[in-house]
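**Student:** The following file, entry-v2.pdb, comprises PDB, C-alpha atoms and all ligand atoms:
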ATOM      1  CA  MET X 102      17.636 141.233-114.851
ATOM      2  CA  THR X 103      15.561 138.039-115.059
ATOM      3  CA  PRO X 104      13.537 138.167-118.256
ATOM      4  CA  GLY X 105       9.817 137.677-118.177
ATOM      5  CA  LEU X 106       6.878 137.978-115.831
ATOM      6  CA  SER X 107       6.404 136.314-112.443
ATOM      7  CA  ASP X 108       3.489 133.861-112.064
ATOM      8  CA  GLU X 109       1.548 136.584-110.250
ATOM      9  CA  GLN X 110       2.196 139.149-112.985
ATOM     10  CA  LEU X 111       1.121 136.648-115.609
ATOM     11  CA  ALA X 112      -2.099 135.908-113.702
ATOM     12  CA  HIS X 113      -2.783 139.667-113.529
ATOM     13  CA  TYR X 114      -2.105 139.981-117.256
ATOM     14  CA  ASP X 115      -4.637 137.232-117.946
ATOM     15  CA  ARG X 116      -7.217 138.965-115.735
ATOM     16  CA  ASP X 117      -6.580 142.604-116.756
ATOM     17  CA  GLY X 118      -5.355 142.207-120.333
ATOM     18  CA  PHE X 119      -2.167 144.168-119.697
ATOM     19  CA  HIS X 120       1.030 144.297-117.669
ATOM     20  CA  LEU X 121       3.088 147.436-117.047
ATOM     21  CA  ALA X 122       6.809 146.670-116.717
ATOM     22  CA  GLN X 123       8.457 149.775-115.288
ATOM     23  CA  GLU X 124      12.066 150.527-116.278
ATOM     24  CA  LEU X 125      12.286 147.449-118.499
ATOM     25  CA  PHE X 126      14.885 149.377-120.491
ATOM     26  CA  ASP X 127      17.494 151.459-118.716
ATOM     27  CA  ARG X 128      18.238 155.124-119.417
ATOM     28  CA  GLU X 129      21.117 154.411-121.778
ATOM     29  CA  GLU X 130      19.091 151.895-123.821
ATOM     30  CA  ILE X 131      16.041 154.088-124.170
ATOM     31  CA  GLU X 132      18.156 157.142-124.936
ATOM     32  CA  LEU X 133      19.780 155.182-127.798
ATOM     33  CA  LEU X 134      16.323 154.391-129.144
ATOM     34  CA  ARG X 135      15.031 157.931-128.630
ATOM     35  CA  ARG X 136      18.037 159.567-130.283
ATOM     36  CA  SER X 137      18.079 157.067-133.156
ATOM     37  CA  ALA X 138      14.404 157.621-133.846
ATOM     38  CA  LYS X 139      14.453 161.391-133.599
ATOM     39  CA  GLU X 140      17.490 161.652-135.899
ATOM     40  CA  ASP X 141      16.305 158.994-138.333
ATOM     41  CA  LYS X 142      15.475 160.610-141.673
ATOM     42  CA  GLN X 143      14.275 157.285-143.116
ATOM     43  CA  LEU X 144      11.841 156.830-140.266
ATOM     44  CA  ASP X 145      10.551 160.329-140.881
ATOM     45  CA  ASP X 146      10.397 159.818-144.665
ATOM     46  CA  HIS X 147       8.401 156.602-144.216
ATOM     47  CA  SER X 148       5.932 158.123-141.776
ATOM     48  CA  PHE X 149       2.335 158.549-142.817
ATOM     49  CA  GLY X 150      -0.700 160.225-141.331
ATOM     50  CA  ARG X 151      -4.284 159.174-140.735
ATOM     51  CA  GLY X 152      -7.111 161.570-139.889
ATOM     52  CA  ASP X 153      -8.349 160.881-136.367
ATOM     53  CA  GLY X 154     -11.969 161.969-136.879
ATOM     54  CA  GLU X 155     -11.421 164.802-134.345
ATOM     55  CA  GLY X 156      -9.651 167.227-136.679
ATOM     56  CA  GLY X 157      -6.139 165.894-135.980
ATOM     57  CA  THR X 158      -3.833 163.384-137.653
ATOM     58  CA  VAL X 159      -1.958 160.475-136.130
ATOM     59  CA  ARG X 160       1.531 159.972-137.529
ATOM     60  CA  LEU X 161       3.393 156.688-137.567
ATOM     61  CA  SER X 162       5.980 154.580-139.395
ATOM     62  CA  LEU X 163       5.516 150.853-139.623
ATOM     63  CA  TRP X 164       7.777 147.954-140.613
ATOM     64  CA  ASN X 165       7.074 144.260-140.885
ATOM     65  CA  HIS X 166      10.399 142.615-140.043
ATOM     66  CA  PRO X 167      12.510 143.660-137.076
ATOM     67  CA  GLY X 168      15.742 144.158-139.019
ATOM     68  CA  GLN X 169      19.376 144.280-137.884
ATOM     69  CA  GLY X 170      19.373 147.822-136.514
ATOM     70  CA  ILE X 171      18.424 149.407-133.215
ATOM     71  CA  TYR X 172      14.661 148.924-133.676
ATOM     72  CA  GLY X 173      15.278 145.256-134.357
ATOM     73  CA  ALA X 174      17.551 144.999-131.322
ATOM     74  CA  PHE X 175      14.608 146.049-129.170
ATOM     75  CA  ALA X 176      12.041 143.871-130.960
ATOM     76  CA  ARG X 177      14.335 140.816-130.872
ATOM     77  CA  CYS X 178      15.765 141.197-127.368
ATOM     78  CA  GLU X 179      15.156 138.551-124.716
ATOM     79  CA  ARG X 180      13.420 140.966-122.370
ATOM     80  CA  LEU X 181      10.550 141.518-124.796
ATOM     81  CA  VAL X 182      10.524 138.169-126.553
ATOM     82  CA  ALA X 183      10.665 136.053-123.383
ATOM     83  CA  ALA X 184       7.773 138.032-121.907
ATOM     84  CA  ALA X 185       5.798 137.692-125.156
ATOM     85  CA  GLU X 186       6.449 133.939-125.106
ATOM     86  CA  GLN X 187       5.084 133.626-121.576
ATOM     87  CA  ILE X 188       2.027 135.719-122.413
ATOM     88  CA  LEU X 189       1.235 133.855-125.637
ATOM     89  CA  ARG X 190       2.163 130.437-124.202
ATOM     90  CA  ASP X 191       3.705 129.822-127.590
ATOM     91  CA  GLU X 192       6.634 130.802-129.747
ATOM     92  CA  PRO X 193       6.204 134.485-130.651
ATOM     93  CA  TYR X 194       6.991 135.803-134.092
ATOM     94  CA  HIS X 195       7.311 139.432-135.101
ATOM     95  CA  TYR X 196       4.044 140.592-136.639
ATOM     96  CA  HIS X 197       5.262 144.178-137.107
ATOM     97  CA  SER X 198       6.616 147.165-135.198
ATOM     98  CA  LYS X 199       5.682 150.808-135.448
ATOM     99  CA  MET X 200       6.818 154.156-134.163
ATOM    100  CA  ILE X 201       3.901 156.284-133.034
ATOM    101  CA  MET X 202       5.037 159.891-133.476
ATOM    102  CA  LYS X 203       2.617 161.886-131.408
ATOM    103  CA  ASP X 204       4.230 165.271-131.890
ATOM    104  CA  ALA X 205       3.883 168.254-129.582
ATOM    105  CA  ARG X 206       0.769 170.389-130.246
ATOM    106  CA  VAL X 207      -0.309 168.460-133.374
ATOM    107  CA  GLY X 208      -0.244 164.733-132.501
ATOM    108  CA  GLY X 209      -3.602 163.136-133.293
ATOM    109  CA  ALA X 210      -5.905 160.969-131.195
ATOM    110  CA  TRP X 211      -6.527 157.244-131.437
ATOM    111  CA  ALA X 212     -10.125 156.108-131.213
ATOM    112  CA  TRP X 213     -11.123 153.283-128.868
ATOM    113  CA  HIS X 214     -10.142 150.084-130.623
ATOM    114  CA  GLN X 215      -8.798 146.596-130.213
ATOM    115  CA  ASP X 216      -5.736 145.649-132.204
ATOM    116  CA  TYR X 217      -7.474 142.407-133.114
ATOM    117  CA  GLY X 218     -10.309 144.562-134.493
ATOM    118  CA  TYR X 219      -7.711 145.728-137.034
ATOM    119  CA  TRP X 220      -6.011 142.380-137.556
ATOM    120  CA  TYR X 221      -9.021 140.056-137.760
ATOM    121  CA  GLY X 222      -9.299 140.760-141.482
ATOM    122  CA  ASN X 223      -5.695 139.669-142.003
ATOM    123  CA  GLY X 224      -6.565 135.980-141.657
ATOM    124  CA  VAL X 225      -5.527 135.782-137.981
ATOM    125  CA  LEU X 226      -7.914 133.274-136.422
ATOM    126  CA  THR X 227      -7.496 133.926-132.683
ATOM    127  CA  PRO X 228      -6.598 137.027-130.639
ATOM    128  CA  ASN X 229      -3.454 135.358-129.300
ATOM    129  CA  LEU X 230      -1.213 138.312-130.102
ATOM    130  CA  VAL X 231       0.472 140.792-127.816
ATOM    131  CA  SER X 232       1.513 144.410-128.324
ATOM    132  CA  CYS X 233       4.464 145.821-126.383
ATOM    133  CA  PHE X 234       4.212 149.593-126.053
ATOM    134  CA  ILE X 235       7.658 151.040-125.246
ATOM    135  CA  ALA X 236       7.605 154.621-123.923
ATOM    136  CA  VAL X 237      10.294 156.546-125.808
ATOM    137  CA  ASP X 238       9.292 159.967-124.434
ATOM    138  CA  PRO X 239       7.495 160.480-121.122
ATOM    139  CA  SER X 240       3.856 159.569-121.690
ATOM    140  CA  THR X 241       1.479 161.640-119.570
ATOM    141  CA  ARG X 242      -2.173 162.674-119.504
ATOM    142  CA  GLN X 243      -1.087 166.051-120.903
ATOM    143  CA  ASN X 244       0.644 164.669-123.998
ATOM    144  CA  GLY X 245      -1.912 161.952-124.750
ATOM    145  CA  CYS X 246      -0.822 158.820-122.910
ATOM    146  CA  LEU X 247      -2.395 155.481-123.721
ATOM    147  CA  GLN X 248      -5.717 154.749-122.028
ATOM    148  CA  VAL X 249      -7.040 151.247-121.516
ATOM    149  CA  ILE X 250     -10.149 149.569-120.129
ATOM    150  CA  ARG X 251      -8.995 147.016-117.621
ATOM    151  CA  GLY X 252     -10.312 143.525-118.377
ATOM    152  CA  SER X 253     -12.048 144.579-121.616
ATOM    153  CA  HIS X 254     -10.227 141.836-123.534
ATOM    154  CA  GLN X 255     -12.711 139.479-121.849
ATOM    155  CA  CYS X 256     -15.518 141.008-123.956
ATOM    156  CA  GLY X 257     -14.216 139.297-127.079
ATOM    157  CA  ARG X 258     -13.847 140.987-130.427
ATOM    158  CA  ILE X 259     -16.003 144.082-130.762
ATOM    159  CA  HIS X 260     -17.400 145.307-134.046
ATOM    160  CA  HIS X 261     -15.262 148.120-135.562
ATOM    161  CA  LYS X 262     -16.506 151.038-137.656
ATOM    162  CA  LEU X 263     -14.733 153.773-139.577
ATOM    163  CA  THR X 264     -14.238 157.178-137.818
ATOM    164  CA  GLY X 265     -12.226 159.603-139.950
ATOM    165  CA  GLU X 266      -9.558 157.354-141.470
ATOM    166  CA  GLN X 267      -9.351 155.095-138.418
ATOM    167  CA  ALA X 268     -11.357 152.017-137.594
ATOM    168  CA  GLY X 269     -12.756 152.303-134.065
ATOM    169  CA  ALA X 270     -14.733 149.981-131.816
ATOM    170  CA  ASP X 271     -18.521 150.371-131.717
ATOM    171  CA  LEU X 272     -18.944 153.250-129.244
ATOM    172  CA  GLU X 273     -22.308 152.152-127.864
ATOM    173  CA  ARG X 274     -20.665 148.952-126.730
ATOM    174  CA  VAL X 275     -17.530 150.731-125.470
ATOM    175  CA  SER X 276     -19.607 153.064-123.290
ATOM    176  CA  GLU X 277     -21.463 150.095-121.763
ATOM    177  CA  ILE X 278     -18.163 148.302-121.155
ATOM    178  CA  ALA X 279     -16.746 151.441-119.509
ATOM    179  CA  LYS X 280     -19.613 151.335-116.962
ATOM    180  CA  ARG X 281     -18.501 147.926-115.741
ATOM    181  CA  PHE X 282     -14.743 147.933-116.242
ATOM    182  CA  GLU X 283     -12.150 150.445-115.047
ATOM    183  CA  HIS X 284     -10.889 153.152-117.432
ATOM    184  CA  ILE X 285      -7.182 153.825-116.795
ATOM    185  CA  HIS X 286      -4.720 156.434-118.075
ATOM    186  CA  VAL X 287      -1.369 154.646-118.341
ATOM    187  CA  GLU X 288       1.288 157.255-117.578
ATOM    188  CA  MET X 289       4.755 155.962-118.382
ATOM    189  CA  ASP X 290       8.391 157.013-118.140
ATOM    190  CA  PRO X 291      10.847 156.368-120.981
ATOM    191  CA  GLY X 292      11.928 152.722-120.797
ATOM    192  CA  ASP X 293       8.620 151.492-119.316
ATOM    193  CA  VAL X 294       6.776 148.880-121.381
ATOM    194  CA  LEU X 295       3.070 148.093-121.465
ATOM    195  CA  PHE X 296       2.318 144.572-122.684
ATOM    196  CA  PHE X 297      -1.301 144.322-123.777
ATOM    197  CA  HIS X 298      -3.715 141.773-125.208
ATOM    198  CA  ALA X 299      -4.961 142.146-128.786
ATOM    199  CA  ASN X 300      -8.570 142.459-127.556
ATOM    200  CA  LEU X 301      -7.843 145.090-124.883
ATOM    201  CA  LEU X 302      -9.736 148.322-125.641
ATOM    202  CA  HIS X 303      -7.351 151.267-125.819
ATOM    203  CA  ARG X 304      -7.261 154.837-127.114
ATOM    204  CA  SER X 305      -5.368 158.097-126.629
ATOM    205  CA  ASP X 306      -6.120 161.819-126.767
ATOM    206  CA  GLN X 307      -4.587 164.379-129.084
ATOM    207  CA  ASN X 308      -1.342 165.912-127.873
ATOM    208  CA  ALA X 309      -2.071 169.590-127.188
ATOM    209  CA  SER X 310       1.011 169.918-124.966
ATOM    210  CA  GLU X 311       4.480 171.250-125.715
ATOM    211  CA  HIS X 312       5.959 167.764-125.253
ATOM    212  CA  PRO X 313       6.240 165.022-127.882
ATOM    213  CA  ARG X 314       4.926 161.567-127.030
ATOM    214  CA  TRP X 315       6.695 159.025-129.209
ATOM    215  CA  SER X 316       6.435 155.350-128.518
ATOM    216  CA  MET X 317       7.518 152.188-130.279
ATOM    217  CA  ILE X 318       5.058 149.314-130.358
ATOM    218  CA  CYS X 319       6.328 145.799-131.145
ATOM    219  CA  CYS X 320       3.560 143.334-131.970
ATOM    220  CA  TYR X 321       3.987 139.568-131.810
ATOM    221  CA  ASN X 322       1.754 136.787-133.028
ATOM    222  CA  ALA X 323       1.821 133.199-131.743
ATOM    223  CA  LYS X 324       3.319 130.624-134.094
ATOM    224  CA  SER X 325       0.175 128.449-133.800
ATOM    225  CA  ASN X 326      -1.906 131.484-134.824
ATOM    226  CA  ASP X 327      -0.189 131.757-138.196
ATOM    227  CA  PRO X 328      -2.658 133.640-140.477
ATOM    228  CA  TYR X 329      -4.424 131.377-142.969
ATOM    229  CA  LYS X 330      -3.951 133.870-145.803
ATOM    230  CA  GLU X 331      -1.509 136.491-147.026
ATOM    231  CA  SER X 332      -1.976 140.073-145.883
ATOM    232  CA  HIS X 333       0.126 143.202-145.479
ATOM    233  CA  HIS X 334       1.636 141.744-142.261
ATOM    234  CA  PRO X 335       3.794 138.606-142.276
ATOM    235  CA  ARG X 336       2.847 135.033-141.719
ATOM    236  CA  TYR X 337       4.976 132.948-139.346
ATOM    237  CA  THR X 338       8.631 133.887-139.733
ATOM    238  CA  PRO X 339      11.087 132.558-137.098
ATOM    239  CA  LEU X 340      12.349 135.343-134.878
ATOM    240  CA  ASP X 341      16.081 135.624-134.496
ATOM    241  CA  ARG X 342      16.342 136.407-130.778
ATOM    242  CA  LEU X 343      19.154 138.551-129.415
ATOM    243  CA  PRO X 344      20.664 138.866-125.960
ATOM    244  CA  ASP X 345      19.656 142.059-124.169
ATOM    245  CA  SER X 346      23.235 143.319-124.384
ATOM    246  CA  ALA X 347      22.798 143.693-128.179
ATOM    247  CA  ILE X 348      20.788 146.888-127.691
ATOM    248  CA  LYS X 349      23.800 148.853-126.459
ATOM    249  CA  GLN X 350      26.172 147.250-128.972
ATOM    250  CA  ILE X 351      23.907 147.910-131.952
ATOM    251  CA  GLY X 352      22.958 151.330-130.607
ATOM    252  CA  ALA X 353      26.630 152.342-130.512
ATOM    253  CA  GLN X 354      27.077 151.243-134.162
ATOM    254  CA  ARG X 355      24.054 153.304-135.115
ATOM    255  CA  PHE X 356      25.952 156.417-134.172
ATOM    256  CA  SER X 357      29.100 155.342-135.983
ATOM    257  CA  GLY X 358      27.068 155.758-139.201
ATOM    258  CA  ASP X 359      26.359 152.055-139.767
ATOM    259  CA  GLN X 360      22.813 151.999-141.221
ATOM    260  CA  THR X 361      20.806 148.862-141.981
ATOM    261  CA  GLU X 362      17.958 148.062-144.350
ATOM    262  CA  MET X 363      14.413 148.187-142.992
ATOM    263  CA  ALA X 364      11.281 146.376-144.188
ATOM    264  CA  TRP X 365       9.110 149.503-144.313
ATOM    265  CA  LEU X 366       5.453 148.977-145.027
ATOM    266  CA  ASP X 367       4.150 151.133-147.838
ATOM    267  CA  PRO X 368       1.356 153.272-146.310
ATOM    268  CA  LYS X 369      -0.885 152.396-149.264
ATOM    269  CA  ARG X 370      -0.761 148.767-148.126
ATOM    270  CA  GLU X 371      -1.289 149.612-144.447
ATOM    271  CA  ALA X 372      -4.978 148.799-144.360
ATOM    272  CA  SER X 373      -5.304 147.465-140.796
ATOM    273  CA  ALA X 374      -6.374 150.662-139.072
ATOM    274  CA  ARG X 375      -8.916 151.510-141.744
ATOM    275  CA  GLN X 376     -10.193 148.113-142.585
ATOM    276  CA  LEU X 377     -13.805 147.137-142.115
ATOM    277  CA  GLU X 378     -15.435 143.830-142.727
ATOM    278  CA  GLU X 379     -16.812 143.789-146.223
ATOM    279  CA  ASP X 380     -20.274 142.862-144.976
ATOM    280  CA  ALA X 381     -20.352 145.587-142.268
TER
HETATM  281  O1  LIG Z 401      -0.037 155.340-129.446
HETATM  282  C1  LIG Z 401      -1.249 155.371-129.249
HETATM  283  O2  LIG Z 401      -1.782 156.266-128.621
HETATM  284  C2  LIG Z 401      -2.132 154.244-129.712
HETATM  285  C3  LIG Z 401      -1.540 153.481-130.837
HETATM  286  C4  LIG Z 401      -2.377 152.316-131.177
HETATM  287  O3  LIG Z 401      -3.319 152.013-130.511
HETATM  288  C5  LIG Z 401      -2.072 151.476-132.337
HETATM  289  O4  LIG Z 401      -1.069 151.709-133.012
HETATM  290  O5  LIG Z 401      -2.848 150.541-132.587
END
Would you encode the structure as structure tokens?
Ligand SMILES: O=C(O)CCC(=O)C(=O)O
**Tutor:**
Amino acid sequence: MTPGLSDEQLAHYDRDGFHLAQELFDREEIELLRRSAKEDKQLDDHSFGRGDGEGGTVRLSLWNHPGQGIYGAFARCERLVAAAEQILRDEPYHYHSKMIMKDARVGGAWAWHQDYGYWYGNGVLTPNLVSCFIAVDPSTRQNGCLQVIRGSHQCGRIHHKLTGEQAGADLERVSEIAKRFEHIHVEMDPGDVLFFHANLLHRSDQNASEHPRWSMICCYNAKSNDPYKESHHPRYTPLDRLPDSAIKQIGAQRFSGDQTEMAWLDPKREASARQLEEDA
């Protein structure tokens, strides 16, 4: 497979704020990720919840550096990193990755937000970051797939307010934006990847279905957008890229009991999704 986006896909990304790459990872690769994640006690132990303001709780685990294991093999592989490099027009570095564990029947909702709405306070000066949402389970309307507003990244950074324990974009503005831009439910199969701009408005519903909806999101910042101050996410750190073939090699080791160290983020330090400007 040729890594990256075609010129046309890149132009659509710039216009729409997202690009859906279907089957970017094959069945064997995504099954290695799915099985690793579902059997990973450390991932479970490091998960934390945040009230969603609708009576539910979102659950996720988050780590700052990609690491040597299977999660790192995905975050460091050419297929993701080359695409991120094209999108950012700069060298990407790993800003963090997270596993969103939207469990059957109890998985919480995410309020409309922009990732840059969360990250602005971290000393990141421009929204030149990209999030890569990898579907681990099937992601459908029933189990709370991601929803986006096409082109909303063009609106610039929107003011964020606290709803429950999550920061969400100002809803008056979101509802006006939704009148002019298209609201899309992004249904995905395991192995599909949605690349999206840090100012793209996105949300998801609670998961009332019998089916889990886990997804791994790898976020990259541009080297030239190195934050001017320290925060709970890293400043520029060169990314050690891996060939795509590493996923299957590292995945096989995972099941021979070879565990690696992870740079888990302590939930107490994970302020992004709750953070508001001090003068708000
Ligand atoms: O998985 C979801 O539904 C949304 C997650 C998200 O938007 C985030 O982690 O910022």
**Student:** Counting all atoms listed in the file, what is within 6 Å of X:Asp191, bar same-chain residues fewer than 2 positions away, as a ChimeraX atom specification?
**Tutor:** /X:186,189,323
**Student:** Hey, could you pull the box centre and edge lengths for stretch 107-113 of chain X, axis-aligned, 8 Å padding per side, all listed atoms, to one decimal in Å, as AutoDock Vina command-line options?
**Tutor:**
--center_x 1.8 --center_y 136.8 --center_z -112.9 --size_x 25.2 --size_y 21.8 --size_z 21.4
**Student:** Compute the set of protein, DNA and RNA residues whose minimum atom distance to ligand LIG 401 (chain Z) is at most 8 Å, using only C-alpha atoms and all ligand atoms, and state it as a ChimeraX atom specification.
**Tutor:** /X:199,201-203,210-212,214-216,234,245-248,303-306,315-316,318,374
**Student:** Could you give me, as a list in words, the residues that have an atom at most 9 Å away from the point (22.6, 148.5, -125.2) in the coordinates of the file, using only C-alpha atoms?
**Tutor:**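 These residues have at least one counted atom within 9 Å: Asp127, Glu129, Glu130, Ile131, Leu133, Ala174, Asp345, Ser346, Ala347, Ile348, Lys349, Gln350, Ile351, Gly352 and Ala353 of chain X.
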**Student:** Which of these residues is nearest to X:His333, using only C-alpha atoms: X:Asp108, X:Glu132, X:Asp367, X:Glu283?
**Tutor:** X:Asp367
**Student:** Using all atoms listed in the file, which protein or nucleic acid residues come within 6 Å of X:Trp164? Drop anything in the same chain fewer than 3 positions from it, and give the result as number ranges by chain.
**Tutor:** X: 197-198, 364-366
**Student:** Would you mind telling me which residue in X:Ala112, X:Ala268, X:Met200, X:Ile235 lies nearest to X:Lys139 when using all atoms listed in the file?
**Tutor:**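 Smallest separation from X:Lys139 among the options: X:Met200.
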**Student:** Residues within 8 Å of X:Ile259, please, as an MDAnalysis selection string. Count all atoms listed in the file; anything in the same chain fewer than 4 positions from it doesn't count.
**Tutor:** chainID X and resid 215 218 270:271 274
**Student:** For C-alpha atoms, I'd like the residues from the last selection saved as a short mmCIF file (atom, residue, chain, number, x, y, z; two decimals), keeping the file's coordinate frame.
**Tutor:**
data_model
loop_
_atom_site.label_atom_id
_atom_site.label_comp_id
_atom_site.auth_asym_id
_atom_site.auth_seq_id
_atom_site.Cartn_x
_atom_site.Cartn_y
_atom_site.Cartn_z
CA GLN X 215 -8.80 146.60 -130.21
CA GLY X 218 -10.31 144.56 -134.49
CA ALA X 270 -14.73 149.98 -131.82
CA ASP X 271 -18.52 150.37 -131.72
CA ARG X 274 -20.66 148.95 -126.73
#
**Student:** I would like the residues chosen by the PyMOL selection byres (((chain X and resi 308) around 10) and not hetatm) on the shown file; could you give them as a CSV table (one decimal) with C-alpha atoms, keeping the file's coordinate frame?
**Tutor:**
chain,number,residue,atom,x,y,z
X,157,GLY,CA,-6.1,165.9,-136.0
X,159,VAL,CA,-2.0,160.5,-136.1
X,203,LYS,CA,2.6,161.9,-131.4
X,204,ASP,CA,4.2,165.3,-131.9
X,205,ALA,CA,3.9,168.3,-129.6
X,206,ARG,CA,0.8,170.4,-130.2
X,207,VAL,CA,-0.3,168.5,-133.4
X,208,GLY,CA,-0.2,164.7,-132.5
X,209,GLY,CA,-3.6,163.1,-133.3
X,210,ALA,CA,-5.9,161.0,-131.2
X,241,THR,CA,1.5,161.6,-119.6
X,242,ARG,CA,-2.2,162.7,-119.5
X,243,GLN,CA,-1.1,166.1,-120.9
X,244,ASN,CA,0.6,164.7,-124.0
X,245,GLY,CA,-1.9,162.0,-124.8
X,246,CYS,CA,-0.8,158.8,-122.9
X,305,SER,CA,-5.4,158.1,-126.6
X,306,ASP,CA,-6.1,161.8,-126.8
X,307,GLN,CA,-4.6,164.4,-129.1
X,309,ALA,CA,-2.1,169.6,-127.2
X,310,SER,CA,1.0,169.9,-125.0
X,311,GLU,CA,4.5,171.2,-125.7
X,312,HIS,CA,6.0,167.8,-125.3
X,313,PRO,CA,6.2,165.0,-127.9
X,314,ARG,CA,4.9,161.6,-127.0
**Student:** List the residues matched by the PyMOL selection byres (((chain X and resi 265) around 10) and not hetatm) in the displayed structure as a ChimeraX atom specification, ordered by chain and then by residue number.
**Tutor:** /X:151-158,212,262-264,266-269,375
**Student:** Quick check, in Å to one decimal: how far apart do atom CA of X:Glu192 and atom CA of X:Cys256 lie?
**Tutor:**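 Distance between the two atoms: 25.1 Å.
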**Student:** Any chance you could resolve the PyMOL selection byres (((chain X and resi 284-298) around 9) and not hetatm) against this file and give the residues as an MDAnalysis selection string?
**Tutor:** chainID X and resid 114:115 117:128 130:132 135 181 184:185 188 215:217 228:242 246:251 254 279:280 282:283 299:302 305 316
**Student:** Find, counting all atoms listed in the file, the residue in X:Gln143, X:Ser137, X:Ser332, X:Ser148 that gets nearest to X:Tyr196.
**Tutor:**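 Once distances to X:Tyr196 are computed over all atoms listed in the file, the minimum belongs to X:Ser332.
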